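Raw upload.txt, compact mmCIF, C-alpha atoms and all ligand atoms:
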# COMPACT_ATOMS: atom_id res chain seq x y z
CA MET A 1 -20.08 5.87 -14.62
CA SER A 2 -19.94 9.63 -13.94
CA ILE A 3 -16.46 11.09 -13.63
CA TYR A 4 -17.48 12.64 -10.28
CA ASN A 5 -17.83 9.17 -8.77
CA LEU A 6 -14.28 8.23 -9.70
CA PRO A 7 -11.18 8.95 -7.59
CA LEU A 8 -8.95 11.69 -9.04
CA SER A 9 -6.03 9.26 -9.12
CA VAL A 10 -4.90 6.02 -7.51
CA THR A 11 -1.30 4.90 -6.93
CA ALA A 12 -0.51 1.26 -6.22
CA ARG A 13 2.68 -0.69 -5.80
CA ALA A 14 3.52 -4.36 -6.32
CA GLY A 15 6.68 -6.42 -5.94
CA THR A 16 8.02 -8.70 -8.61
CA ASN A 17 8.01 -12.46 -8.08
CA ILE A 18 10.18 -15.41 -9.03
CA ALA A 19 8.60 -18.76 -9.86
CA LEU A 20 9.92 -21.86 -8.10
CA VAL A 21 7.56 -24.06 -10.13
CA LYS A 22 7.58 -22.45 -13.54
CA TYR A 23 4.75 -21.36 -15.78
CA TRP A 24 5.68 -22.15 -19.39
CA GLY A 25 2.85 -22.49 -21.92
CA LYS A 26 -0.70 -21.23 -22.35
CA ARG A 27 -3.99 -23.08 -22.69
CA ASP A 28 -5.57 -19.95 -24.22
CA PRO A 29 -3.39 -17.16 -25.62
CA THR A 30 -6.28 -14.66 -25.99
CA LEU A 31 -7.28 -14.71 -22.32
CA ASN A 32 -3.68 -15.51 -21.36
CA LEU A 33 -4.66 -18.70 -19.54
CA PRO A 34 -1.75 -20.83 -18.33
CA ALA A 35 -1.56 -24.49 -19.34
CA THR A 36 -0.40 -25.45 -15.83
CA GLY A 37 -0.28 -24.03 -12.32
CA SER A 38 2.85 -22.40 -10.90
CA LEU A 39 4.30 -21.42 -7.52
CA SER A 40 6.33 -18.34 -6.70
CA LEU A 41 7.84 -16.01 -4.12
CA THR A 42 6.91 -12.30 -4.17
CA LEU A 43 9.86 -10.02 -3.37
CA ALA A 44 10.24 -6.87 -1.26
CA ASN A 45 11.56 -3.54 -2.62
CA PHE A 46 11.87 -4.66 -6.23
CA GLY A 47 8.73 -3.73 -8.05
CA SER A 48 6.59 -1.10 -9.71
CA GLU A 49 4.63 1.91 -8.53
CA THR A 50 1.87 3.02 -10.88
CA THR A 51 -0.48 6.01 -10.80
CA VAL A 52 -3.67 5.87 -12.87
CA ARG A 53 -6.12 8.67 -13.58
CA PHE A 54 -9.19 8.41 -15.82
CA ALA A 55 -10.17 11.86 -17.10
CA PRO A 56 -11.16 13.59 -20.38
CA ASP A 57 -7.88 15.55 -20.37
CA ALA A 58 -5.75 12.39 -19.96
CA GLU A 59 -5.71 11.80 -23.71
CA ALA A 60 -2.27 11.85 -25.30
CA ALA A 61 -1.46 14.16 -28.22
CA GLU A 62 -1.54 11.26 -30.70
CA GLY A 63 -4.86 10.05 -29.25
CA GLY A 64 -5.49 7.28 -26.75
CA ASP A 65 -4.06 6.99 -23.25
CA ARG A 66 -1.00 8.83 -21.97
CA ILE A 67 1.57 6.30 -20.72
CA THR A 68 4.93 7.08 -19.16
CA LEU A 69 7.62 4.79 -17.79
CA ASP A 70 10.13 6.27 -15.34
CA GLY A 71 9.11 9.77 -16.41
CA ALA A 72 9.49 9.32 -20.21
CA PRO A 73 6.86 8.31 -22.80
CA ALA A 74 6.72 4.49 -22.87
CA GLU A 75 8.12 2.75 -25.97
CA PRO A 76 5.37 1.80 -28.46
CA ARG A 77 5.27 -1.98 -27.81
CA PHE A 78 4.95 -1.58 -24.06
CA ALA A 79 2.45 1.30 -24.45
CA GLU A 80 0.30 -0.88 -26.70
CA ARG A 81 0.23 -3.68 -24.10
CA VAL A 82 -0.81 -1.19 -21.42
CA ARG A 83 -3.52 0.33 -23.68
CA ARG A 84 -4.96 -3.10 -24.39
CA PHE A 85 -5.03 -3.80 -20.65
CA LEU A 86 -6.71 -0.44 -19.90
CA GLY A 87 -9.34 -1.47 -22.46
CA LEU A 88 -10.18 -4.50 -20.30
CA ILE A 89 -10.59 -2.28 -17.23
CA ARG A 90 -12.75 0.23 -19.13
CA GLU A 91 -14.99 -2.58 -20.38
CA GLN A 92 -15.39 -4.17 -16.94
CA ALA A 93 -15.96 -0.83 -15.17
CA ARG A 94 -17.99 0.74 -18.02
CA VAL A 95 -15.75 3.78 -18.06
CA GLY A 96 -15.33 5.50 -21.42
CA LEU A 97 -12.55 7.93 -20.50
CA PRO A 98 -8.89 7.98 -21.56
CA ALA A 99 -6.32 7.29 -18.86
CA ALA A 100 -3.00 8.75 -17.78
CA VAL A 101 -0.67 6.03 -16.48
CA ALA A 102 2.67 6.81 -14.85
CA THR A 103 4.81 3.82 -13.88
CA ARG A 104 8.07 3.79 -11.97
CA ASN A 105 10.09 0.59 -11.79
CA SER A 106 12.48 -0.21 -8.98
CA VAL A 107 13.35 -3.48 -10.70
CA PRO A 108 16.87 -3.05 -12.11
CA THR A 109 16.59 -3.10 -15.89
CA ALA A 110 17.91 -6.21 -17.60
CA ALA A 111 18.23 -8.03 -14.27
CA GLY A 112 15.76 -10.65 -15.42
CA LEU A 113 13.49 -9.81 -12.52
CA ALA A 114 10.26 -9.80 -14.48
CA SER A 115 9.26 -6.14 -14.33
CA SER A 116 6.06 -7.08 -16.20
CA ALA A 117 4.87 -9.16 -13.22
CA ALA A 118 5.10 -6.21 -10.83
CA GLY A 119 4.01 -3.71 -13.48
CA PHE A 120 0.74 -5.39 -14.44
CA ALA A 121 -0.09 -6.28 -10.81
CA ALA A 122 0.30 -2.60 -9.80
CA LEU A 123 -1.60 -1.46 -12.90
CA ALA A 124 -4.47 -3.91 -12.27
CA LEU A 125 -4.89 -2.59 -8.71
CA ALA A 126 -4.42 1.14 -9.44
CA GLY A 127 -6.40 0.97 -12.71
CA SER A 128 -9.39 -0.94 -11.33
CA ARG A 129 -9.63 1.38 -8.30
CA ALA A 130 -9.25 4.49 -10.44
CA ALA A 131 -12.12 3.17 -12.60
CA GLY A 132 -14.30 2.93 -9.50
CA MET A 133 -14.02 -0.85 -8.91
CA ARG A 134 -13.02 -2.66 -5.74
CA LEU A 135 -12.29 -6.15 -6.98
CA PRO A 136 -11.95 -9.12 -4.62
CA LEU A 137 -8.37 -10.46 -4.69
CA PRO A 138 -9.08 -13.52 -6.91
CA GLU A 139 -10.72 -11.24 -9.51
CA LEU A 140 -7.87 -8.75 -9.28
CA SER A 141 -5.41 -11.60 -9.82
CA ALA A 142 -7.38 -12.86 -12.86
CA LEU A 143 -7.35 -9.31 -14.26
CA ALA A 144 -3.58 -8.94 -13.73
CA ARG A 145 -3.09 -12.30 -15.49
CA GLN A 146 -4.43 -10.79 -18.69
CA GLY A 147 -1.52 -8.34 -18.68
CA SER A 148 1.15 -10.94 -17.88
CA GLY A 149 0.75 -14.50 -16.60
CA SER A 150 3.20 -14.02 -13.74
CA ALA A 151 1.49 -10.72 -12.69
CA ALA A 152 -1.44 -12.73 -11.31
CA ARG A 153 0.93 -13.98 -8.58
CA SER A 154 2.27 -10.53 -7.59
CA ILE A 155 -1.17 -9.55 -6.25
CA PHE A 156 -0.25 -11.67 -3.21
CA GLY A 157 2.78 -11.51 -0.92
CA GLY A 158 5.17 -14.27 0.18
CA PHE A 159 4.71 -17.74 -1.30
CA VAL A 160 1.91 -17.86 -3.85
CA GLU A 161 0.28 -20.57 -5.94
CA MET A 162 -1.28 -19.86 -9.32
CA ALA A 163 -4.02 -22.18 -10.59
CA ALA A 164 -4.29 -23.13 -14.26
CA GLY A 165 -8.09 -23.19 -13.83
CA GLU A 166 -10.56 -25.09 -15.96
CA LEU A 167 -13.22 -22.56 -16.92
CA ALA A 168 -13.22 -21.20 -20.47
CA ASP A 169 -13.69 -17.60 -19.26
CA GLY A 170 -10.52 -17.83 -17.12
CA SER A 171 -12.22 -16.67 -13.92
CA ASP A 172 -10.64 -19.56 -11.98
CA ALA A 173 -7.16 -18.97 -13.44
CA CYS A 174 -5.96 -16.85 -10.56
CA ALA A 175 -3.42 -16.99 -7.75
CA GLN A 176 -3.83 -17.44 -4.01
CA ALA A 177 -1.57 -16.88 -1.01
CA LEU A 178 0.16 -19.96 0.44
CA LEU A 179 2.46 -18.54 3.14
CA PRO A 180 2.89 -14.86 4.12
CA ALA A 181 6.18 -13.03 3.53
CA ASP A 182 7.10 -12.86 7.22
CA ALA A 183 6.38 -16.54 7.92
CA TRP A 184 9.65 -17.92 6.50
CA ASP A 185 12.94 -16.03 6.46
CA VAL A 186 14.44 -17.01 3.12
CA ARG A 187 16.43 -15.05 0.52
CA LEU A 188 16.85 -15.11 -3.24
CA VAL A 189 20.38 -14.20 -4.25
CA VAL A 190 20.43 -13.08 -7.89
CA ALA A 191 23.57 -13.54 -9.98
CA ILE A 192 23.38 -11.20 -12.98
CA THR A 193 25.33 -12.74 -15.85
CA ALA A 194 24.70 -10.41 -18.81
CA GLU A 195 23.54 -6.89 -19.72
CA GLY A 196 20.82 -6.11 -22.23
CA PRO A 197 17.40 -7.52 -23.02
CA LYS A 198 16.63 -11.23 -23.17
CA ALA A 199 17.12 -13.16 -26.42
CA ILE A 200 13.42 -13.91 -26.95
CA ALA A 201 10.41 -12.65 -24.97
CA SER A 202 8.72 -15.24 -22.75
CA GLY A 203 5.33 -15.10 -24.50
CA GLU A 204 6.83 -15.75 -27.92
CA ALA A 205 9.16 -18.43 -26.51
CA MET A 206 6.29 -20.27 -24.81
CA GLU A 207 4.32 -20.32 -28.04
CA LEU A 208 7.27 -21.66 -30.00
CA THR A 209 7.92 -24.31 -27.33
CA ALA A 210 4.29 -25.47 -27.32
CA LYS A 211 4.22 -25.67 -31.11
CA THR A 212 7.57 -27.31 -31.80
CA SER A 213 9.18 -28.92 -28.72
CA PRO A 214 8.73 -32.70 -28.62
CA TYR A 215 9.17 -32.42 -24.84
CA TYR A 216 6.22 -30.05 -24.30
CA ALA A 217 3.73 -32.86 -23.59
CA GLY A 218 6.15 -34.31 -21.02
CA TRP A 219 6.54 -30.91 -19.40
CA LEU A 220 2.78 -30.47 -19.03
CA LYS A 221 2.50 -33.93 -17.51
CA ALA A 222 5.27 -33.30 -14.96
CA VAL A 223 4.12 -29.94 -13.54
CA PRO A 224 1.19 -31.09 -11.32
CA ARG A 225 3.49 -33.40 -9.36
CA ASP A 226 6.12 -30.66 -8.93
CA LEU A 227 3.40 -28.27 -7.84
CA ALA A 228 2.06 -30.66 -5.19
CA ALA A 229 5.58 -31.33 -3.87
CA ALA A 230 6.45 -27.60 -3.79
CA ARG A 231 3.17 -26.68 -2.06
CA ALA A 232 3.79 -29.31 0.65
CA ALA A 233 7.39 -28.12 1.07
CA VAL A 234 6.31 -24.47 1.46
CA LEU A 235 3.65 -25.33 4.04
CA ALA A 236 6.19 -27.45 5.97
CA LYS A 237 8.94 -24.78 5.47
CA ASP A 238 11.16 -27.56 4.16
CA LEU A 239 13.89 -25.72 2.23
CA ALA A 240 15.69 -28.81 0.93
CA SER A 241 12.52 -30.27 -0.57
CA LEU A 242 11.40 -26.94 -2.04
CA GLY A 243 14.86 -26.31 -3.48
CA GLN A 244 14.99 -29.74 -5.09
CA VAL A 245 11.65 -29.14 -6.85
CA ALA A 246 12.69 -25.61 -7.87
CA GLU A 247 15.87 -26.83 -9.60
CA ARG A 248 14.00 -29.67 -11.28
CA SER A 249 11.23 -27.36 -12.52
CA ALA A 250 13.67 -24.79 -13.93
CA LEU A 251 15.79 -27.43 -15.67
CA ARG A 252 12.71 -29.08 -17.19
CA MET A 253 11.40 -25.74 -18.45
CA HIS A 254 14.72 -24.92 -20.09
CA ALA A 255 15.18 -28.45 -21.49
CA CYS A 256 11.74 -28.18 -23.05
CA ALA A 257 12.54 -24.75 -24.56
CA MET A 258 15.98 -25.89 -25.80
CA ALA A 259 14.24 -28.68 -27.73
CA ALA A 260 12.06 -26.17 -29.65
CA ASP A 261 12.66 -25.50 -33.35
CA PRO A 262 14.45 -23.12 -33.70
CA PRO A 263 15.96 -23.83 -30.25
CA ILE A 264 15.53 -21.39 -27.37
CA VAL A 265 18.70 -21.18 -25.30
CA TYR A 266 18.71 -18.52 -22.57
CA TRP A 267 21.91 -19.61 -20.82
CA ASN A 268 25.48 -18.35 -21.21
CA GLY A 269 28.75 -19.64 -19.78
CA ALA A 270 28.28 -17.77 -16.51
CA THR A 271 24.81 -19.30 -16.09
CA LEU A 272 26.41 -22.76 -16.04
CA ALA A 273 29.26 -21.57 -13.80
CA ALA A 274 26.78 -20.12 -11.27
CA MET A 275 24.83 -23.40 -11.26
CA GLU A 276 28.11 -25.17 -10.53
CA THR A 277 28.81 -22.76 -7.63
CA VAL A 278 25.45 -23.67 -6.12
CA ARG A 279 26.21 -27.40 -6.39
CA ARG A 280 29.61 -26.80 -4.78
CA LEU A 281 28.05 -24.82 -1.91
CA ARG A 282 25.60 -27.64 -1.37
CA ALA A 283 28.31 -30.27 -1.36
CA ALA A 284 30.00 -28.21 1.39
CA GLY A 285 26.81 -28.25 3.49
CA THR A 286 25.02 -24.99 2.51
CA GLU A 287 21.38 -25.40 1.55
CA ALA A 288 21.24 -23.33 -1.66
CA PHE A 289 19.16 -24.06 -4.77
CA PHE A 290 19.00 -22.34 -8.15
CA THR A 291 16.24 -21.33 -10.50
CA ILE A 292 16.53 -19.64 -13.92
CA ASP A 293 13.85 -17.69 -15.82
CA ALA A 294 13.62 -16.59 -19.44
CA GLY A 295 17.12 -15.13 -19.33
CA PRO A 296 20.71 -16.01 -18.38
CA HIS A 297 20.63 -14.92 -14.71
CA VAL A 298 20.71 -17.39 -11.84
CA LYS A 299 18.53 -16.91 -8.75
CA VAL A 300 19.50 -18.83 -5.66
CA LEU A 301 17.11 -19.72 -2.85
CA CYS A 302 18.61 -20.09 0.64
CA ALA A 303 17.88 -19.38 4.30
CA ALA A 304 18.36 -15.69 5.25
CA CYS A 305 21.29 -16.61 7.50
CA GLU A 306 23.11 -18.30 4.57
CA ALA A 307 22.88 -15.33 2.17
CA ALA A 308 26.15 -13.89 3.52
CA LEU A 309 27.87 -17.05 2.34
CA VAL A 310 25.97 -17.56 -0.92
CA GLU A 311 26.33 -14.00 -2.23
CA PRO A 312 30.16 -13.78 -2.20
CA ALA A 313 30.42 -17.27 -3.71
CA LEU A 314 28.20 -16.20 -6.61
CA ALA A 315 29.93 -12.82 -6.94
CA ALA A 316 33.30 -14.61 -7.27
CA THR A 317 31.98 -16.91 -10.01
CA PRO A 318 33.61 -16.16 -13.40
CA GLY A 319 31.24 -14.18 -15.63
CA VAL A 320 28.90 -13.02 -12.85
CA LEU A 321 28.64 -9.22 -13.22
CA ARG A 322 26.89 -8.38 -9.94
CA THR A 323 24.62 -9.84 -7.31
CA LEU A 324 21.46 -8.78 -5.48
CA VAL A 325 19.99 -10.19 -2.28
CA LEU A 326 16.19 -10.15 -2.23
CA ALA A 327 13.78 -10.86 0.64
CA PRO A 328 10.12 -11.97 0.59
CA GLY A 329 7.70 -9.06 0.32
CA PRO A 330 4.03 -8.11 0.54
CA GLY A 331 1.32 -8.29 -2.11
CA ALA A 332 0.05 -5.38 -4.21
CA GLU A 333 -1.19 -2.42 -2.19
CA VAL A 334 -2.71 1.02 -2.73
CA VAL A 335 -0.27 3.65 -1.51
CA ARG A 336 -2.25 6.81 -2.37
CA GLU A 337 -5.75 7.67 -3.46
CA GLU A 338 -6.71 11.26 -4.32
CA HIS A 339 -10.27 12.51 -4.64
CA ARG A 340 -11.81 15.26 -6.71
O1 LIG B 1 4.49 -13.74 -17.15
P1 LIG B 1 5.28 -13.99 -18.36
O2 LIG B 1 4.44 -14.12 -19.57
O3 LIG B 1 6.38 -13.00 -18.53
O4 LIG B 1 6.00 -15.43 -18.22
C1 LIG B 1 6.82 -15.79 -17.14
C2 LIG B 1 7.74 -16.89 -17.51
C3 LIG B 1 8.77 -17.29 -16.46
O5 LIG B 1 9.22 -16.17 -15.76
C4 LIG B 1 9.98 -17.90 -17.17
C5 LIG B 1 8.23 -18.34 -15.51
C6 LIG B 1 7.31 -17.87 -14.43
O6 LIG B 1 6.50 -18.69 -13.99
O7 LIG B 1 7.40 -16.72 -14.00
Go ahead and render the structure in this file as structure tokens.
Amino acid sequence: MSIYNLPLSVTARAGTNIALVKYWGKRDPTLNLPATGSLSLTLANFGSETTVRFAPDAEAAEGGDRITLDGAPAEPRFAERVRRFLGLIREQARVGLPAAVATRNSVPTAAGLASSAAGFAALALAGSRAAGMRLPLPELSALARQGSGSAARSIFGGFVEMAAGELADGSDACAQALLPADAWDVRLVVAITAEGPKAIASGEAMELTAKTSPYYAGWLKAVPRDLAAARAAVLAKDLASLGQVAERSALRMHACAMAADPPIVYWNGATLAAMETVRRLRAAGTEAFFTIDAGPHVKVLCAACEAALVEPALAATPGVLRTLVLAPGPGAEVVREEHR
């Protein structure tokens, strides 16, 4: 494709998402195909904004693409992941130019809010557009999946379901919208329980779980039922049913990982204390339900009107460092497109 047919630059944003039915395990690591489906909620205001420009002068001094994160050159491991992803876009769009990628994250670092989900969703949208493609949403979601499994879900807003798919090429392993962000006024209250990066990255942890956990087969067998129950609960806006599945799914994922060899334990004392706070709130009549990702933080789903009660209870829990209240948000969108 001639450079004159490409936009000068495209900026896109995407919100992060939190899974209520977890994705944990791949059926194909090369194409990053999940072994099971998953279900999530995309969040407002916490995400990534990414600008992509394909041009001959975009090449970095050391060769290859120029990649910055929050204004500074990205660290080598992250830059390599982004370069690999740009390679997929170049191949699909038949563009042979280097790219300049500038990403800004509004996800608080070390908050366990999956910046890679928002990051690769924003990069898939900005990158594909900057390379002259206008992909239909399922294709955009399948592209984002190749950057990070959970990124496929951040293409859509509100409640989202990701399919495991069956095809070998992964074209049916993409997400779809279940319920828009403004259709159900819920909140996720995040209890941050530690600083610093997670103990073991999710990709590596999934691989270890699949290879060594005797519970992995049981996990795979249980997910379709959880997914069906969660989907029905979302469509019926039944918080108690959705919350029950969400807790079950998170506990099963962690139980499965804990049984790996060597064991994968993401929790700390405050994780357990925050779970106990949620059970106490529920016993006192507040509909609140926890989920936990590949880290020690606890995320609590509740109705918007209950967040004012849930947040202080979590903040007062021993070991909880701070809290955040997050609302449902929109899917990935282009915020700026400049032309030559
Ligand atoms: O998208 P990844 O590879 O970072 O994996 C996400 C794993 C979990 O956050 C723990 C679960 C999920 O479904 O998001």
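Counting only C-alpha atoms, the residue from A:Val107, A:Ile67, A:Leu97, A:Ile89 that sits nearest to Ala144 of chain A is A:Ile89.
Counting only C-alpha atoms and comparing A:Leu123, A:Val278, A:Trp24, A:Phe156, the residue that lies closest to Ala201 of chain A is A:Trp24.
The two atoms in question, atom CA of Ala44 of chain A and atom CA of Arg248 of chain A, are spaced 25.2 Å apart.
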(message) Calculated over all atoms listed in the file, which of the candidates A:Lys211, A:Arg282, A:Arg145, A:Arg336 has the smallest distance to ligand LIG 1 (chain B)?
(response) A:Arg145
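For the pair atom CA of Val189 of chain A and atom CA of Val320 of chain A, the interatomic distance is 12.2 Å.
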Kindly provide, as lines of an AutoDock Vina configuration file, the centre and edge lengths (Å, one decimal) of an axis-aligned box around all atoms of ligand LIG 1 (chain B) given in the file, with 3 Å on each side.
center_x = 7.2
center_y = -15.8
center_z = -16.8
size_x = 11.5
size_y = 11.7
size_z = 11.6
Mind rebuilding segment 169-191 of chain A with N, CA and C atoms and writing that out as a PDB file, in the frame of the given file?
ATOM      1  N   ASP A 169     -13.792 -19.069 -19.404  1.00  0.00           N
ATOM      2  CA  ASP A 169     -13.690 -17.600 -19.260  1.00  0.00           C
ATOM      3  C   ASP A 169     -12.480 -17.178 -18.416  1.00  0.00           C
ATOM      4  N   GLY A 170     -11.758 -18.144 -17.843  1.00  0.00           N
ATOM      5  CA  GLY A 170     -10.520 -17.830 -17.120  1.00  0.00           C
ATOM      6  C   GLY A 170     -10.731 -17.307 -15.707  1.00  0.00           C
ATOM      7  N   SER A 171     -11.977 -17.269 -15.234  1.00  0.00           N
ATOM      8  CA  SER A 171     -12.220 -16.670 -13.920  1.00  0.00           C
ATOM      9  C   SER A 171     -11.582 -17.477 -12.783  1.00  0.00           C
ATOM     10  N   ASP A 172     -11.301 -18.769 -13.034  1.00  0.00           N
ATOM     11  CA  ASP A 172     -10.640 -19.560 -11.980  1.00  0.00           C
ATOM     12  C   ASP A 172      -9.130 -19.687 -12.213  1.00  0.00           C
ATOM     13  N   ALA A 173      -8.607 -18.984 -13.214  1.00  0.00           N
ATOM     14  CA  ALA A 173      -7.160 -18.970 -13.440  1.00  0.00           C
ATOM     15  C   ALA A 173      -6.575 -17.781 -12.698  1.00  0.00           C
ATOM     16  N   CYS A 174      -6.460 -17.952 -11.384  1.00  0.00           N
ATOM     17  CA  CYS A 174      -5.960 -16.850 -10.560  1.00  0.00           C
ATOM     18  C   CYS A 174      -5.066 -17.433  -9.456  1.00  0.00           C
ATOM     19  N   ALA A 175      -4.368 -16.547  -8.777  1.00  0.00           N
ATOM     20  CA  ALA A 175      -3.420 -16.990  -7.750  1.00  0.00           C
ATOM     21  C   ALA A 175      -4.063 -16.939  -6.368  1.00  0.00           C
ATOM     22  N   GLN A 176      -3.409 -17.577  -5.415  1.00  0.00           N
ATOM     23  CA  GLN A 176      -3.830 -17.440  -4.010  1.00  0.00           C
ATOM     24  C   GLN A 176      -2.601 -17.522  -3.108  1.00  0.00           C
ATOM     25  N   ALA A 177      -2.708 -16.919  -1.930  1.00  0.00           N
ATOM     26  CA  ALA A 177      -1.570 -16.880  -1.010  1.00  0.00           C
ATOM     27  C   ALA A 177      -1.400 -18.252  -0.359  1.00  0.00           C
ATOM     28  N   LEU A 178      -0.124 -18.678  -0.230  1.00  0.00           N
ATOM     29  CA  LEU A 178       0.160 -19.960   0.440  1.00  0.00           C
ATOM     30  C   LEU A 178       0.761 -19.722   1.821  1.00  0.00           C
ATOM     31  N   LEU A 179       1.741 -18.803   1.884  1.00  0.00           N
ATOM     32  CA  LEU A 179       2.460 -18.540   3.140  1.00  0.00           C
ATOM     33  C   LEU A 179       2.910 -17.075   3.126  1.00  0.00           C
ATOM     34  N   PRO A 180       2.539 -16.291   4.167  1.00  0.00           N
ATOM     35  CA  PRO A 180       2.890 -14.860   4.120  1.00  0.00           C
ATOM     36  C   PRO A 180       4.388 -14.603   4.155  1.00  0.00           C
ATOM     37  N   ALA A 181       4.761 -13.412   3.686  1.00  0.00           N
ATOM     38  CA  ALA A 181       6.180 -13.030   3.530  1.00  0.00           C
ATOM     39  C   ALA A 181       6.973 -13.175   4.835  1.00  0.00           C
ATOM     40  N   ASP A 182       6.331 -12.848   5.971  1.00  0.00           N
ATOM     41  CA  ASP A 182       7.100 -12.860   7.220  1.00  0.00           C
ATOM     42  C   ASP A 182       7.097 -14.233   7.917  1.00  0.00           C
ATOM     43  N   ALA A 183       6.510 -15.235   7.269  1.00  0.00           N
ATOM     44  CA  ALA A 183       6.380 -16.540   7.920  1.00  0.00           C
ATOM     45  C   ALA A 183       7.628 -17.424   7.755  1.00  0.00           C
ATOM     46  N   TRP A 184       8.486 -17.062   6.772  1.00  0.00           N
ATOM     47  CA  TRP A 184       9.650 -17.920   6.500  1.00  0.00           C
ATOM     48  C   TRP A 184      10.762 -17.025   5.997  1.00  0.00           C
ATOM     49  N   ASP A 185      11.868 -16.966   6.755  1.00  0.00           N
ATOM     50  CA  ASP A 185      12.940 -16.030   6.460  1.00  0.00           C
ATOM     51  C   ASP A 185      13.930 -16.617   5.448  1.00  0.00           C
ATOM     52  N   VAL A 186      13.556 -16.513   4.186  1.00  0.00           N
ATOM     53  CA  VAL A 186      14.440 -17.010   3.120  1.00  0.00           C
ATOM     54  C   VAL A 186      14.965 -15.823   2.310  1.00  0.00           C
ATOM     55  N   ARG A 187      15.921 -16.070   1.430  1.00  0.00           N
ATOM     56  CA  ARG A 187      16.430 -15.050   0.520  1.00  0.00           C
ATOM     57  C   ARG A 187      16.575 -15.636  -0.882  1.00  0.00           C
ATOM     58  N   LEU A 188      16.494 -14.728  -1.875  1.00  0.00           N
ATOM     59  CA  LEU A 188      16.850 -15.110  -3.240  1.00  0.00           C
ATOM     60  C   LEU A 188      18.066 -14.266  -3.608  1.00  0.00           C
ATOM     61  N   VAL A 189      19.175 -14.912  -3.845  1.00  0.00           N
ATOM     62  CA  VAL A 189      20.380 -14.200  -4.250  1.00  0.00           C
ATOM     63  C   VAL A 189      20.444 -14.287  -5.783  1.00  0.00           C
ATOM     64  N   VAL A 190      20.457 -13.111  -6.427  1.00  0.00           N
ATOM     65  CA  VAL A 190      20.430 -13.080  -7.890  1.00  0.00           C
ATOM     66  C   VAL A 190      21.849 -12.853  -8.416  1.00  0.00           C
ATOM     67  N   ALA A 191      22.282 -13.718  -9.309  1.00  0.00           N
ATOM     68  CA  ALA A 191      23.570 -13.540  -9.980  1.00  0.00           C
ATOM     69  C   ALA A 191      23.281 -13.044 -11.392  1.00  0.00           C
TER      70      ALA A 191
END
